[in-house]
Amino acid sequence: MAGEVECEAGVSIEDLLRVLLPRGWFPPVTPGTKYVTVGGAIANDIHGKNHHRDGAFGAAVRELRLLTPAGETLICGPDREPDVFWATVGGVGLTGFILSARVRMLKVESAWLKVDYLRLKNLGELMRELERSDAGYRYSVAWIDGLARGASLGRGVLMRGNHALASELPARMSNILWPAARGRHNVPFDFPSFALNPLSIKAFNALYYALHPDKQGQLVDYDSYFYPLDGLENWNRLYGRGGFTQYQVAFPNETSERGLTEVLERLAAGGRPSFLAVLKRFGPANPGWLSFPREGYTLALDLPMRESLPKLLRDLDDRVVAHGGRLYTAKDALAGADAFRAMYPQVERFRELRKRLDPRGVLSSSLARRVGLVPRGGEALR
Amino acid sequence: MSAFLEGKGRSVLILGATSSVARALAAEFAACGYELFLAARPGEDLDAVAADVALRKRARVHACPLDALDFDSHDAFWNGIVERVGESLAGVVLCFGYLGDQAKGQQDPDEARRIVDTNFTAAVSLLNRAANYLEPRKRGFVCALSSVAGDRGRQSNYLYGAAKAGLSAYLQGLRNRLFKAGVKVTTIKPGFMDTRMTFGKPGLFLVAAPEKAARQVFRALAAGKDVAYVPGFWWPIMSVIRCVPEFVFKRLKL
């Protein structure tokens with residue numbers, strides 16, 4: 001059964017869940033937080049744990065209305081003005097303002113997921129397991145211990161699941177489409193920046209690994225499965241005043257194991273372990289010109305910010321390029337124009353299209369100037 | 001109070017339904033089961049607002065095109081509403097307003113007239129009809145969003161303030177008249193709110209979110225208040241401002 005929702009770009013994933021999940025509809029793709037808007041989901045062509053099955057968010061967009069910088073309203077979709085559409089999907093807002101979109105939703109019978117947990121001893125085993133059995137799960141993601149080294153490098157816990165059918169839930173369970181709200185917690189102040197250090201991260205990772213033994217068919221509510229951090233308000237304060245940065249790479253299948261190994265090794269060697277490392281397998285890419293997901297593997301890292309980190313990451317960018325990988329603009333804060341162009345071969349085509357949509361160069365952003373999506377000096381026009 | 005919160009089988013008419021506060025108010029009414037008649041200038045905004053609350057709250061919603069400044073159309077508009085609501089209409093909430101441009105209004109008679117007509121004359125024209133409908137039925141409520149700006153004229157917005165002062169006085173009189181009939185009249189006096197009306201305006205302070213304001217308006221209605229400042233802290237503020245003697249006030253830069 002198919003269903004579509006038409007909504008303004010400012011509607012959040014949380015809004016969609018609140019209104020449509022009780023009626024049995026789930027967002028086609030959801031990131032690790034529900035506090036993102038549909039417009040943002042399109043502009044970054046976000047992915048979820050189901051990319052290997054369903055592709056990125058753009059694949060579920062049937063049509064969108066775009067207010068171009070020249071002031072005209074365009075309706076575009078995969079079959080209508082496809083160039084404008086696929087430049088806008090992942091186009092980080094530079095083709096115009098997305099006003100509204102028509103999005104395909106997923107029919108579900110419950111708000112619960114049936115989840116299998118599986119621990120694997122290293123990166124190689126993890127990847128083999130994903131290749132072997134990922135097709136059996138709509139959602140699949142692996143938490144990785146960013147501190148494990150040597151033969152245990154990349155050890156982690158696979159967490160894979162499917163939407164639970166009504167018949168798979170205990171009969172006494174009422175209101176299966178809207179479970180009781182989870183308690184929310186708050187981080188009331190900035191932790192000192194030394195709170196997250198290699199030692200505490202190591203302890204956390206060891207604990208996390210120990211607390212997730214292999215289990216089959218666990219029932220987990222959608223909120224806990226998809227949005228674990230949304231339950232902890234202001235969780236960024238854990239990183240102290242220095243904050244953190246995110247670094248997410250994607251490699252093609254052929255180079256994934258080597259590329260991922262190098263990224264993990266370099267970060268561990270540089271004394272910059274990640275508090276949160278997440279691995280996932282991507283399915284085929286969609287035609288989005290600047291869309292991040294491509295077939296292969298992606299690794300997402302949250303790294304506590306330190307003075308030495310930017311240099312470390314920029315060196316890492318070169319290695320990522322050397323392995324044919326790319327970075328995710330939604331998370332990246334540091335990559336330069338040369339690296340970006342090597343990662344996204346359609347940059348030139350994107351800039352050409354922008355000449356038509358935005359002849360006066362009205363739209364710009366720090367990101368766009370840094371990675372060369374708009375000409376330098378684009379900031380002159382205020 | 002409890003009767004007010006039971007909206008099943010009853011309807012409410014919201015005038016100026018595309019304003020930020022009206023949108024949030026519509027959701028409050030819909031959550032209580034009211035059927036909604038949403039009146040605003042015809043167009044995309046009205047359709048979107050109506051579709052939004054209908055979808056979110058599974059409410060029965062009717063979009064009713066209205067141009068408040070086209071006085072000749074008010075009769076047809078009101079007759080159309082009466083025809084559609086039957087006997088279900090529980091009350092009317094007036095949310096439209098026009099802040100306008102004070103400096104422009106001092107020079108441009110059209111702007112001055114637009115400010116006064118939108119905030120006062122059009123409101124009177126429509127609320128008269130609402131009152132005449134509710135009075136013989138001896139039930140219901142009339143609520144209008146006036147403004148703290150109507151409590152005292154200031155050089156920076158006295159065209160708007162004067163029109164809202166007129167509206168507040170009108171509502172006082174209407175309350176007096178309809179008391180016998182048992183029809184509630186509630187005057188809402190909002191302070192600054194973070195809405196389209198104030199977007200980008202300088203010199204705002206203590207700005208309230210429209211959703212919060214709407215909840216307070218709804219509570220004031222449920223409690224059957226005569227006058228409510230929204231948020232409540234504007235009552236002491238305006239009480240002080242009203243007390244400043246004119247020979248002092250006229251020297252102030254406000």
# chains A, B, ... in the order shown; residues from 1 in each chain; ligands from 1

call {"tool": "interface_residues", "arguments": {"of": "chain A", "to": "chain B", "cutoff": "10 Å", "atoms": "only C-alpha atoms", "output": "count of residues only"}}
result
7

call {"tool": "residues_around", "arguments": {"residues": "Phe179 (chain B)", "least_positions_apart": "4", "cutoff": "12 Å", "atoms": "only C-alpha atoms", "output": "PDB file with N, CA and C atoms, in the first residue's frame"}}
result
ATOM      1  N   ALA B 131     -22.602  39.383  17.009  1.00  0.00           N
ATOM      2  CA  ALA B 131     -23.386  39.685  18.208  1.00  0.00           C
ATOM      3  C   ALA B 131     -24.879  39.502  17.935  1.00  0.00           C
ATOM      4  N   LEU B 134     -25.679  35.813  17.962  1.00  0.00           N
ATOM      5  CA  LEU B 134     -25.591  35.107  19.240  1.00  0.00           C
ATOM      6  C   LEU B 134     -26.615  35.596  20.269  1.00  0.00           C
ATOM      7  N   GLU B 135     -26.930  36.911  20.252  1.00  0.00           N
ATOM      8  CA  GLU B 135     -27.770  37.492  21.301  1.00  0.00           C
ATOM      9  C   GLU B 135     -29.123  36.783  21.454  1.00  0.00           C
ATOM     10  N   LYS B 138     -28.891  33.400  23.056  1.00  0.00           N
ATOM     11  CA  LYS B 138     -28.566  33.426  24.485  1.00  0.00           C
ATOM     12  C   LYS B 138     -27.454  32.451  24.869  1.00  0.00           C
ATOM     13  N   ARG B 139     -26.419  32.393  24.052  1.00  0.00           N
ATOM     14  CA  ARG B 139     -25.264  31.547  24.386  1.00  0.00           C
ATOM     15  C   ARG B 139     -24.090  31.960  23.515  1.00  0.00           C
ATOM     16  N   GLY B 140     -22.931  31.411  23.851  1.00  0.00           N
ATOM     17  CA  GLY B 140     -21.780  31.592  22.987  1.00  0.00           C
ATOM     18  C   GLY B 140     -20.803  32.650  23.478  1.00  0.00           C
ATOM     19  N   PHE B 141     -19.811  32.895  22.637  1.00  0.00           N
ATOM     20  CA  PHE B 141     -18.769  33.842  23.031  1.00  0.00           C
ATOM     21  C   PHE B 141     -18.275  34.629  21.822  1.00  0.00           C
ATOM     22  N   VAL B 142     -17.783  35.819  22.137  1.00  0.00           N
ATOM     23  CA  VAL B 142     -17.097  36.653  21.151  1.00  0.00           C
ATOM     24  C   VAL B 142     -15.743  36.978  21.741  1.00  0.00           C
ATOM     25  N   LEU B 171     -15.495  46.458  22.494  1.00  0.00           N
ATOM     26  CA  LEU B 171     -15.701  45.168  23.157  1.00  0.00           C
ATOM     27  C   LEU B 171     -16.261  45.351  24.569  1.00  0.00           C
ATOM     28  N   GLN B 172     -15.807  46.420  25.250  1.00  0.00           N
ATOM     29  CA  GLN B 172     -16.375  46.729  26.570  1.00  0.00           C
ATOM     30  C   GLN B 172     -17.876  46.931  26.468  1.00  0.00           C
ATOM     31  N   GLY B 173     -18.250  47.743  25.507  1.00  0.00           N
ATOM     32  CA  GLY B 173     -19.673  48.027  25.325  1.00  0.00           C
ATOM     33  C   GLY B 173     -20.455  46.780  24.946  1.00  0.00           C
ATOM     34  N   LEU B 174     -19.868  46.002  24.065  1.00  0.00           N
ATOM     35  CA  LEU B 174     -20.530  44.778  23.614  1.00  0.00           C
ATOM     36  C   LEU B 174     -20.717  43.801  24.783  1.00  0.00           C
ATOM     37  N   ARG B 175     -19.715  43.746  25.634  1.00  0.00           N
ATOM     38  CA  ARG B 175     -19.767  42.862  26.805  1.00  0.00           C
ATOM     39  C   ARG B 175     -20.934  43.278  27.704  1.00  0.00           C
ATOM     40  N   VAL B 183     -24.007  35.939  26.686  1.00  0.00           N
ATOM     41  CA  VAL B 183     -22.932  35.763  25.696  1.00  0.00           C
ATOM     42  C   VAL B 183     -21.654  36.373  26.259  1.00  0.00           C
ATOM     43  N   LYS B 184     -20.593  35.575  26.291  1.00  0.00           N
ATOM     44  CA  LYS B 184     -19.303  36.022  26.846  1.00  0.00           C
ATOM     45  C   LYS B 184     -18.557  36.869  25.825  1.00  0.00           C
ATOM     46  N   VAL B 185     -17.999  37.975  26.273  1.00  0.00           N
ATOM     47  CA  VAL B 185     -17.134  38.769  25.388  1.00  0.00           C
ATOM     48  C   VAL B 185     -15.759  38.886  26.048  1.00  0.00           C
ATOM     49  N   THR B 186     -14.749  38.414  25.344  1.00  0.00           N
ATOM     50  CA  THR B 186     -13.399  38.410  25.910  1.00  0.00           C
ATOM     51  C   THR B 186     -12.476  39.293  25.076  1.00  0.00           C
ATOM     52  N   ASP B 226     -13.031  38.380  31.152  1.00  0.00           N
ATOM     53  CA  ASP B 226     -13.471  39.546  30.394  1.00  0.00           C
ATOM     54  C   ASP B 226     -12.304  40.137  29.601  1.00  0.00           C
TER      55      ASP B 226
END

call {"tool": "atom_distance", "arguments": {"atom1": "CA of Arg172 (chain A)", "atom2": "CA of Ser110 (chain A)"}}
result
13.9 Å

call {"tool": "closest_residue", "arguments": {"among": "B:Val92, B:Gly86, B:Gly9, B:Ala208", "to": "Leu38 (chain B)", "atoms": "only C-alpha atoms"}}
result
B:Val92

call {"tool": "residues_around", "arguments": {"residues": "Ser146 (chain B)", "least_positions_apart": "4", "cutoff": "6 Å", "atoms": "only C-alpha atoms", "output": "list in words"}}
result
Lys164, Ile188 and Lys189 of chain B

call {"tool": "select_by_dssp", "arguments": {"residues": "region 232-325 of chain A", "states": "helix (DSSP H, G or I)", "output": "MDAnalysis selection string"}}
result
chainID A and resid 235:239 253:269 309:322

call {"tool": "closest_residue", "arguments": {"among": "A:Leu66, A:Ala151, A:Ala111, A:Ala285", "to": "Glu81 (chain A)", "atoms": "only C-alpha atoms"}}
result
A:Leu66

call {"tool": "select_by_dssp", "arguments": {"residues": "region 113-264 of chain A", "states": "strand (DSSP E)", "output": "ChimeraX atom specification"}}
result
/A:113-120,139-144,156-163,185-186,215-221,232-233,244-252

call {"tool": "residues_around", "arguments": {"residues": "Phe233 (chain B)", "least_positions_apart": "3", "cutoff": "12 Å", "atoms": "only C-alpha atoms", "output": "mmCIF file with N, CA, C and O atoms, in the first residue's frame"}}
result
data_model
loop_
_atom_site.group_PDB
_atom_site.id
_atom_site.type_symbol
_atom_site.label_atom_id
_atom_site.label_comp_id
_atom_site.auth_asym_id
_atom_site.auth_seq_id
_atom_site.Cartn_x
_atom_site.Cartn_y
_atom_site.Cartn_z
ATOM 1 N N VAL B 148 -2.035 45.636 23.594
ATOM 2 C CA VAL B 148 -1.583 46.535 24.656
ATOM 3 C C VAL B 148 -1.354 47.933 24.083
ATOM 4 O O VAL B 148 -1.397 48.920 24.799
ATOM 5 N N LYS B 189 -5.466 41.202 25.111
ATOM 6 C CA LYS B 189 -4.489 42.252 24.849
ATOM 7 C C LYS B 189 -3.085 41.654 24.802
ATOM 8 O O LYS B 189 -2.406 41.565 25.822
ATOM 9 N N PRO B 190 -2.669 41.262 23.620
ATOM 10 C CA PRO B 190 -1.327 40.686 23.509
ATOM 11 C C PRO B 190 -0.270 41.781 23.528
ATOM 12 O O PRO B 190 -0.519 42.908 23.084
ATOM 13 N N GLY B 191 0.900 41.403 24.053
ATOM 14 C CA GLY B 191 2.080 42.256 23.901
ATOM 15 C C GLY B 191 2.767 41.896 22.591
ATOM 16 O O GLY B 191 2.123 41.442 21.652
ATOM 17 N N PHE B 192 4.071 42.077 22.561
ATOM 18 C CA PHE B 192 4.786 41.727 21.327
ATOM 19 C C PHE B 192 4.774 40.226 21.115
ATOM 20 O O PHE B 192 4.973 39.459 22.041
ATOM 21 N N LEU B 206 10.510 41.281 25.226
ATOM 22 C CA LEU B 206 9.559 40.356 25.858
ATOM 23 C C LEU B 206 8.646 39.699 24.818
ATOM 24 O O LEU B 206 7.434 39.639 24.977
ATOM 25 N N VAL B 207 9.260 39.244 23.752
ATOM 26 C CA VAL B 207 8.495 38.705 22.636
ATOM 27 C C VAL B 207 8.004 37.292 22.959
ATOM 28 O O VAL B 207 8.764 36.464 23.454
ATOM 29 N N ALA B 208 6.717 37.032 22.701
ATOM 30 C CA ALA B 208 6.140 35.731 23.028
ATOM 31 C C ALA B 208 5.965 34.882 21.770
ATOM 32 O O ALA B 208 5.720 35.404 20.684
ATOM 33 N N ALA B 228 -7.985 39.784 29.119
ATOM 34 C CA ALA B 228 -6.772 39.045 29.470
ATOM 35 C C ALA B 228 -5.576 39.622 28.723
ATOM 36 O O ALA B 228 -5.637 39.822 27.509
ATOM 37 N N TYR B 229 -4.532 39.928 29.493
ATOM 38 C CA TYR B 229 -3.262 40.305 28.871
ATOM 39 C C TYR B 229 -2.491 39.026 28.559
ATOM 40 O O TYR B 229 -2.490 38.086 29.348
ATOM 41 N N VAL B 230 -1.847 39.012 27.398
ATOM 42 C CA VAL B 230 -1.118 37.811 26.960
ATOM 43 C C VAL B 230 0.269 38.205 26.474
ATOM 44 O O VAL B 230 0.385 38.977 25.529
ATOM 45 N N PRO B 236 0.635 44.159 34.741
ATOM 46 C CA PRO B 236 1.310 45.151 35.601
ATOM 47 C C PRO B 236 2.059 46.212 34.796
ATOM 48 O O PRO B 236 2.053 47.388 35.178
ATOM 49 N N ILE B 237 2.675 45.800 33.708
ATOM 50 C CA ILE B 237 3.428 46.782 32.911
ATOM 51 C C ILE B 237 2.489 47.879 32.414
ATOM 52 O O ILE B 237 2.755 49.084 32.570
ATOM 53 N N MET B 238 1.367 47.467 31.829
ATOM 54 C CA MET B 238 0.453 48.459 31.256
ATOM 55 C C MET B 238 -0.254 49.260 32.356
ATOM 56 O O MET B 238 -0.583 50.428 32.158
ATOM 57 N N SER B 239 -0.443 48.622 33.523
ATOM 58 C CA SER B 239 -1.057 49.362 34.627
ATOM 59 C C SER B 239 -0.178 50.547 35.010
ATOM 60 O O SER B 239 -0.662 51.653 35.257
ATOM 61 N N VAL B 240 1.114 50.309 35.035
ATOM 62 C CA VAL B 240 2.044 51.406 35.357
ATOM 63 C C VAL B 240 2.029 52.443 34.237
ATOM 64 O O VAL B 240 1.910 53.651 34.484
#

call {"tool": "residues_around", "arguments": {"residues": "region 60-72 of chain B", "least_positions_apart": "4", "cutoff": "8 Å", "atoms": "only C-alpha atoms", "output": "list in words"}}
result
Tyr34, Glu35, Leu36, Phe37, Leu38, Ala39, Ala40, Arg41, Pro42, Leu46, Asp47, Ala50, Ala51, Val53, Ala54, Phe77, Asp117, Thr118, Ala122, Ala123 and Ser125 of chain B

call {"tool": "write_last_selection", "arguments": {"atoms": "N, CA, C and O atoms", "output": "PDB file, in the first residue's frame"}}
result
ATOM      1  N   TYR B  34     -13.989  20.888  18.217  1.00  0.00           N
ATOM      2  CA  TYR B  34     -14.771  21.885  17.483  1.00  0.00           C
ATOM      3  C   TYR B  34     -14.626  21.706  15.973  1.00  0.00           C
ATOM      4  O   TYR B  34     -13.564  21.331  15.481  1.00  0.00           O
ATOM      5  N   GLU B  35     -15.675  21.986  15.276  1.00  0.00           N
ATOM      6  CA  GLU B  35     -15.604  22.115  13.823  1.00  0.00           C
ATOM      7  C   GLU B  35     -15.145  23.540  13.526  1.00  0.00           C
ATOM      8  O   GLU B  35     -15.584  24.489  14.185  1.00  0.00           O
ATOM      9  N   LEU B  36     -14.270  23.694  12.549  1.00  0.00           N
ATOM     10  CA  LEU B  36     -13.650  25.000  12.334  1.00  0.00           C
ATOM     11  C   LEU B  36     -14.125  25.668  11.052  1.00  0.00           C
ATOM     12  O   LEU B  36     -14.136  25.053   9.989  1.00  0.00           O
ATOM     13  N   PHE B  37     -14.493  26.928  11.183  1.00  0.00           N
ATOM     14  CA  PHE B  37     -14.720  27.774  10.015  1.00  0.00           C
ATOM     15  C   PHE B  37     -13.617  28.823  10.006  1.00  0.00           C
ATOM     16  O   PHE B  37     -13.561  29.674  10.884  1.00  0.00           O
ATOM     17  N   LEU B  38     -12.713  28.693   9.048  1.00  0.00           N
ATOM     18  CA  LEU B  38     -11.538  29.551   9.021  1.00  0.00           C
ATOM     19  C   LEU B  38     -11.701  30.604   7.925  1.00  0.00           C
ATOM     20  O   LEU B  38     -11.762  30.271   6.743  1.00  0.00           O
ATOM     21  N   ALA B  39     -11.751  31.856   8.345  1.00  0.00           N
ATOM     22  CA  ALA B  39     -11.937  32.938   7.376  1.00  0.00           C
ATOM     23  C   ALA B  39     -10.666  33.760   7.243  1.00  0.00           C
ATOM     24  O   ALA B  39     -10.063  34.151   8.238  1.00  0.00           O
ATOM     25  N   ALA B  40     -10.279  33.995   6.005  1.00  0.00           N
ATOM     26  CA  ALA B  40      -9.112  34.833   5.718  1.00  0.00           C
ATOM     27  C   ALA B  40      -9.134  35.161   4.236  1.00  0.00           C
ATOM     28  O   ALA B  40      -9.980  34.646   3.501  1.00  0.00           O
ATOM     29  N   ARG B  41      -8.214  36.024   3.824  1.00  0.00           N
ATOM     30  CA  ARG B  41      -8.135  36.327   2.397  1.00  0.00           C
ATOM     31  C   ARG B  41      -7.956  35.025   1.624  1.00  0.00           C
ATOM     32  O   ARG B  41      -7.155  34.173   2.045  1.00  0.00           O
ATOM     33  N   PRO B  42      -8.695  34.866   0.524  1.00  0.00           N
ATOM     34  CA  PRO B  42      -8.578  33.617  -0.221  1.00  0.00           C
ATOM     35  C   PRO B  42      -7.168  33.462  -0.772  1.00  0.00           C
ATOM     36  O   PRO B  42      -6.497  34.448  -1.050  1.00  0.00           O
ATOM     37  N   LEU B  46      -4.547  30.363   3.098  1.00  0.00           N
ATOM     38  CA  LEU B  46      -5.774  29.892   3.742  1.00  0.00           C
ATOM     39  C   LEU B  46      -5.958  28.402   3.490  1.00  0.00           C
ATOM     40  O   LEU B  46      -6.253  27.633   4.419  1.00  0.00           O
ATOM     41  N   ASP B  47      -5.753  27.981   2.257  1.00  0.00           N
ATOM     42  CA  ASP B  47      -5.914  26.556   1.929  1.00  0.00           C
ATOM     43  C   ASP B  47      -4.931  25.712   2.728  1.00  0.00           C
ATOM     44  O   ASP B  47      -5.274  24.646   3.245  1.00  0.00           O
ATOM     45  N   ALA B  50      -5.908  25.545   6.447  1.00  0.00           N
ATOM     46  CA  ALA B  50      -7.072  24.673   6.630  1.00  0.00           C
ATOM     47  C   ALA B  50      -6.670  23.206   6.485  1.00  0.00           C
ATOM     48  O   ALA B  50      -7.048  22.361   7.307  1.00  0.00           O
ATOM     49  N   ALA B  51      -5.877  22.912   5.453  1.00  0.00           N
ATOM     50  CA  ALA B  51      -5.466  21.524   5.230  1.00  0.00           C
ATOM     51  C   ALA B  51      -4.602  21.031   6.386  1.00  0.00           C
ATOM     52  O   ALA B  51      -4.707  19.882   6.816  1.00  0.00           O
ATOM     53  N   VAL B  53      -4.498  21.944   9.678  1.00  0.00           N
ATOM     54  CA  VAL B  53      -5.180  21.606  10.933  1.00  0.00           C
ATOM     55  C   VAL B  53      -6.128  20.420  10.727  1.00  0.00           C
ATOM     56  O   VAL B  53      -6.318  19.598  11.617  1.00  0.00           O
ATOM     57  N   ALA B  54      -6.682  20.316   9.524  1.00  0.00           N
ATOM     58  CA  ALA B  54      -7.562  19.174   9.233  1.00  0.00           C
ATOM     59  C   ALA B  54      -6.789  17.868   9.329  1.00  0.00           C
ATOM     60  O   ALA B  54      -7.251  16.886   9.915  1.00  0.00           O
ATOM     61  N   PHE B  77     -20.818  37.372   3.082  1.00  0.00           N
ATOM     62  CA  PHE B  77     -19.934  36.486   3.854  1.00  0.00           C
ATOM     63  C   PHE B  77     -20.678  35.933   5.069  1.00  0.00           C
ATOM     64  O   PHE B  77     -20.711  34.733   5.304  1.00  0.00           O
ATOM     65  N   ASP B 117      -9.204  51.039   9.373  1.00  0.00           N
ATOM     66  CA  ASP B 117     -10.264  50.181   8.831  1.00  0.00           C
ATOM     67  C   ASP B 117     -10.057  48.715   9.195  1.00  0.00           C
ATOM     68  O   ASP B 117     -10.999  48.021   9.568  1.00  0.00           O
ATOM     69  N   THR B 118      -8.835  48.243   9.050  1.00  0.00           N
ATOM     70  CA  THR B 118      -8.598  46.830   9.338  1.00  0.00           C
ATOM     71  C   THR B 118      -8.815  46.538  10.813  1.00  0.00           C
ATOM     72  O   THR B 118      -9.533  45.607  11.179  1.00  0.00           O
ATOM     73  N   ALA B 122     -13.532  47.293  10.225  1.00  0.00           N
ATOM     74  CA  ALA B 122     -13.868  45.962   9.722  1.00  0.00           C
ATOM     75  C   ALA B 122     -14.237  45.039  10.879  1.00  0.00           C
ATOM     76  O   ALA B 122     -15.165  44.225  10.771  1.00  0.00           O
ATOM     77  N   ALA B 123     -13.505  45.187  11.995  1.00  0.00           N
ATOM     78  CA  ALA B 123     -13.802  44.365  13.166  1.00  0.00           C
ATOM     79  C   ALA B 123     -15.216  44.648  13.663  1.00  0.00           C
ATOM     80  O   ALA B 123     -15.982  43.722  13.953  1.00  0.00           O
ATOM     81  N   SER B 125     -17.723  45.881  11.983  1.00  0.00           N
ATOM     82  CA  SER B 125     -18.697  45.414  10.995  1.00  0.00           C
ATOM     83  C   SER B 125     -18.987  43.918  11.170  1.00  0.00           C
ATOM     84  O   SER B 125     -20.136  43.485  11.121  1.00  0.00           O
TER      85      SER B 125
END

call {"tool": "closest_residue", "arguments": {"among": "A:Val115, A:Leu106, A:Ser140, A:Ser291", "to": "Ala43 (chain A)", "atoms": "only C-alpha atoms"}}
result
A:Ser291

call {"tool": "atom_distance", "arguments": {"atom1": "CA of Arg351 (chain A)", "atom2": "CA of Asp318 (chain A)"}}
result
23.3 Å

call {"tool": "residues_around", "arguments": {"residues": "Val61 (chain A)", "least_positions_apart": "3", "cutoff": "7 Å", "atoms": "only C-alpha atoms", "output": "PyMOL selection string"}}
result
chain A and resi 57-58+101-104

call {"tool": "residues_around", "arguments": {"residues": "region 197-199 of chain A", "least_positions_apart": "5", "cutoff": "9 Å", "atoms": "only C-alpha atoms", "output": "count of residues only"}}
result
8

call {"tool": "atom_distance", "arguments": {"atom1": "CA of Val85 (chain B)", "atom2": "CA of Phe218 (chain B)"}}
result
21.2 Å
